[in-house]
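Below is one structure, written out as structure tokens; the observations come after it.
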Amino acid sequence: MTILPKTPSRAAREAAAVVQRSSTSLTLRRLVRDPASLVSMLVIVLIFAFALAAPLIAELTGHGPTEQFRETGLSPAGIPVAPNSEFLLGTDQLGRDMLVRLAYGAQISLLVGVVASLFAAGIGITVGLTAGFFGGATDTVLSRVMDLVMSIPFLLCAIALVSVLGPSLTLSIAVIVFFSWTGLGRVIRGQVLALKHREFVEAARSLGASGFSIMYRDVLPNLIVPILIYTTLMIPSAIVFEATLSFLGLGIVPPTPSWGGMLADAANNSLYLVAWWMVIVPGTALLVTTLSFNLLGDGLRDALDPTSARGGK
Amino acid sequence: MLFRFLLPRIGFGLLVLFLLSIFVFVLFYVSPSDPARIIAGDKATEALMEQIRVKLGLDQPIYVQYLKFVGGLLQGDLGYSYRSNVPVADLIVARIPATLSLVFGGMVLWLAIGIPIGISSAKRPGSLRDRIGQSFAIIGISFPTFVLGMVALYTLYFLPTRFGVMLFPPSGYVPLTAGVGQWAWHLILPWTTLALVVAAVYARLTRGQMLEVLGQDYIRTARAKGLSERRVIYRHAFRSAMPPLVTQLGIDIGLLLGGVIVIEQVFGLLGLGSLAVTSVNNQDRPVVIAIVLLGGVFVVTVNIIIDTLYALMDSRVRTSGRA
């Protein structure tokens with residue numbers, strides 16, 4: 001290889017060899033380089049696959065999610081059987097297959113976690129954006145409303161509400177949404193307050209853009225980072241909230257499988273003291289799921305906001 | 001001065017309680033369950049049930065019922081339980097010691113675990129100790145309380161018992177009058193469970209705050225003056241890192257006093273939270289209303305106390321209205 005003199009054209013070609021990367025690809029590269037984020041993403045994908053495969057698992061094992069195997073799934077004394085070749089993760093107090101129930105329970109957990117977080121994020125963004133952007137009386141009223149919701153003993157109110165209206169999937173989601181939007185709302189409001197006096201907002205205004213246009217076309221896109229992080233971190237809280245409601249018998253109605261409900265079955269009469277898998281199976285599933293989302297949320301924060309202290313607040 | 005500062009906060013607190021009371025009242029008003037049926041039992045005649053309704057004032061419009069309820073409340077009368085016919089106030093008072101013991105004992109423990117972890121992490125971010133501390137924090141934050149509680153009961157009570165060793169009692173609350181030792185022994189597992197989960201939040205918060213503070217100029221000055229690292233960390237840095245921790249503490253204490261519902265359920269502690277769950281399942285309206293309102297009172301009171309502490313510590317907050 002001959003050594004070429006450094007001509008202007010070569011310098012230009014070399015400069016071009018420095019790949020121009022978009023912000024998204026830079027973020028993705030940072031995210032992929034963090035082993036914790038990578039593993040947690042992989043685990044989340046696996047959990048989704050597990051949930052989607054629930055009917056398939058039921059088909060393969062030949063066990064329905066609410067089917068009771070009183071002959072093979074219970075000991076002669078009526079005690080659940082430990083994990084074995086027929087019931088890979090053991091059975092519960094009615095001789096139902098834990099593996100199949102776990103997979104169907106994953107559907108509920110993910111559904112509630114994701115749907116509730118998306119709705120809560122939607123409300124939080126709208127309220128925070130409106131309060132921060134319009135300021136004045138609007139801000140005062142909306143901020144007080146957020147203070148108000150945060151001053152409610154939420155679990156007490158949630159169980160009172162559910163006990164009166166009757167437990168259901170929709171009500172669980174509604175309750176979770178109602179009590180989870182304020183955190184994001186406050187963050188967004190704070191960010192908007194900081195953003196609205198920046199030059200690009202001034203510029204948009206001087207170009208004659210309307211308030212709404214500035215709010216949605218100029219301010220909102222700048223809030224993607226906190227929105228993404230907070231929504232991701234809301235998912236595990238929503239999943240635990242749903243599991244707590246189901247654990248207290250106020251969430252998903254049995255016999256529909258849910259992780260919280262499976263744990264409630266285990267706690268009932270302290271059955272788990274003789275059948276440890278009844279706690280370990282759904283408990284591990286719950287822990288692994290929330291842990292993965294929390295790790296991913298942290299990883300996202302580090303990747304999207306390199307200036308923040310690693311694993312910061 | 002302080003009065004002018006407190007007044008709007010007390011007003012807001014009363015507004016919260018007012019709305020909360022309206023919420024529970026309307027909730028039960030639209031409820032399909034019939035209190036007369038609950039009180040009289042399944043075989044009661046319609047005439048008897050009508051009699052009960054009149055006696056409880058349930059035949060009257062909702063606002064009359066509400067005003068009567070508030071009137072009674074102002075005289076310290078919370079009504080009677082539908083199930084046991086015991087005054088609601090007595091039921092609640094009997095449950096307060098267990099919840100107070102659990103929350104405040106747990107608090108001591110979670111502060112003792114969380115804050116040192118946070119500080120030692122912040123001293124050397126990225127070090128092995130920091131990474132261990134951070135792993136503890138993220139696992140703690142992700143651990144659902146009831147799962148941790150059941151695992152603790154299984155490993156620390158059931159397994160040792162099976163081998164003939166009674167490390168910890170399975171459940172129940174023993175009042176302080178039975179001796180501090182017994183009281184604490186029965187609470188160790190619930191305390192630890194509560195503390196591990198909550199400590200994780202404090203570890204993260206402390207770390208974040210300390211990292212911010214440690215980067216500031218006056219810390220460099222303090223070090224340059226030749227102060228010991230210990231003094232810099234605890235006297236200079238931690239002090240200014242404290243306010244957000246105090247806020248978080250206020251939120252946690254307020255919410256938990258309303259009922260450490262899940263932990264009380266798992267460990268069979270007869271506190272406010274387990275009373276709430278029982279009453280909700282029994283449709284015992286007066287008890288549920290009282291507990292929800294009491295929970296609100298706890299949150300609101302603790303908020304006012306925290307705000308006042310802030311104001312006393314920092315005159316800027318005092319004069320600028322709401323911070």
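Labeling convention for the structure tokens: chains A, B, ... as they appear, residues from 1 per chain, ligands from 1 in order of appearance.
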Can you check which residues of chain B have any atom within 8 Å of chain A? Use only C-alpha atoms and format it as a PyMOL selection string. chain B and resi 16+20+24+27-28+31-33+134+138-139+142-144+146-147+150-151+154+158+204-205+207-209+211+255+258-259+262+266+276-277+280-281+283+288+291-292+295-296+299-300
Margin query: Please list as a PyMOL selection string every residue within 9 Å of Val81 (chain A), counting only C-alpha atoms and excluding residues in the same chain fewer than 4 positions away.
Written below: chain A and resi 72-75+87+90-93+95+275
What would the file look like if the residues just selected were written as an mmCIF file, in the first residue's frame with C-alpha atoms?
data_model
loop_
_atom_site.group_PDB
_atom_site.id
_atom_site.type_symbol
_atom_site.label_atom_id
_atom_site.label_comp_id
_atom_site.auth_asym_id
_atom_site.auth_seq_id
_atom_site.Cartn_x
_atom_site.Cartn_y
_atom_site.Cartn_z
ATOM 1 C CA THR A 72 -52.095 -36.642 39.999
ATOM 2 C CA GLY A 73 -51.678 -33.057 41.190
ATOM 3 C CA LEU A 74 -52.410 -33.631 44.868
ATOM 4 C CA SER A 75 -50.920 -36.073 47.336
ATOM 5 C CA PHE A 87 -45.868 -30.695 36.754
ATOM 6 C CA GLY A 90 -45.441 -28.229 40.964
ATOM 7 C CA THR A 91 -49.123 -27.735 41.668
ATOM 8 C CA ASP A 92 -51.218 -25.530 43.905
ATOM 9 C CA GLN A 93 -53.827 -26.318 46.565
ATOM 10 C CA GLY A 95 -53.950 -29.527 41.967
ATOM 11 C CA ALA A 275 -45.307 -26.218 49.602
#
Sel. of alpha helix (DSSP H) residues, region 53-169 of chain B, as a PyMOL selection string: chain B and resi 53-56+62-74+88-123+128-142+145-152+159-162
| message | One decimal, in Å: what's the spacing between CA of Ala199 (chain B) and CA of Gln248 (chain B)? | response |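 Atom-to-atom, CA of Ala199 (chain B) to CA of Gln248 (chain B), that is 11.4 Å.
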Neighbours of Glu242 (chain A) within 7 Å (only C-alpha atoms; same-chain residues fewer than 4 positions away dropped), as a list in words?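 Skipping anything fewer than 4 positions along the chain leaves Ser172, Ala238, Ser246 and Gly251 of chain A.
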Within 12 Å of Arg33 (chain A), counting only C-alpha atoms, which residues show up once you throw out same-chain ones fewer than 5 positions away? Write them as an mmCIF file with C-alpha atoms, in the first residue's frame, please.
data_model
loop_
_atom_site.group_PDB
_atom_site.id
_atom_site.type_symbol
_atom_site.label_atom_id
_atom_site.label_comp_id
_atom_site.auth_asym_id
_atom_site.auth_seq_id
_atom_site.Cartn_x
_atom_site.Cartn_y
_atom_site.Cartn_z
ATOM 1 C CA LEU A 26 -25.733 6.651 20.140
ATOM 2 C CA THR A 27 -28.203 5.920 22.889
ATOM 3 C CA LEU A 28 -28.700 2.369 21.700
ATOM 4 C CA LEU A 38 -28.766 -5.793 27.968
ATOM 5 C CA VAL A 39 -29.624 -8.693 30.253
ATOM 6 C CA GLY A 299 -29.896 1.842 32.151
ATOM 7 C CA LEU A 300 -32.079 4.081 29.996
ATOM 8 C CA ASP A 302 -27.646 6.459 32.047
ATOM 9 C CA ALA A 303 -27.774 5.971 28.285
#
Two-atom distance - CA of Leu129 (chain A), CA of Glu199 (chain A) (Å) =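 The value is 18.1 Å.
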What's around Val281 (chain A) at 8 Å? Count only C-alpha atoms, leave out sequence neighbours fewer than 3 positions away in its own chain, and write the answer as a list in words. Leu89, Met98, Leu102, Trp277, Met278, Thr284 and Ala285 of chain A
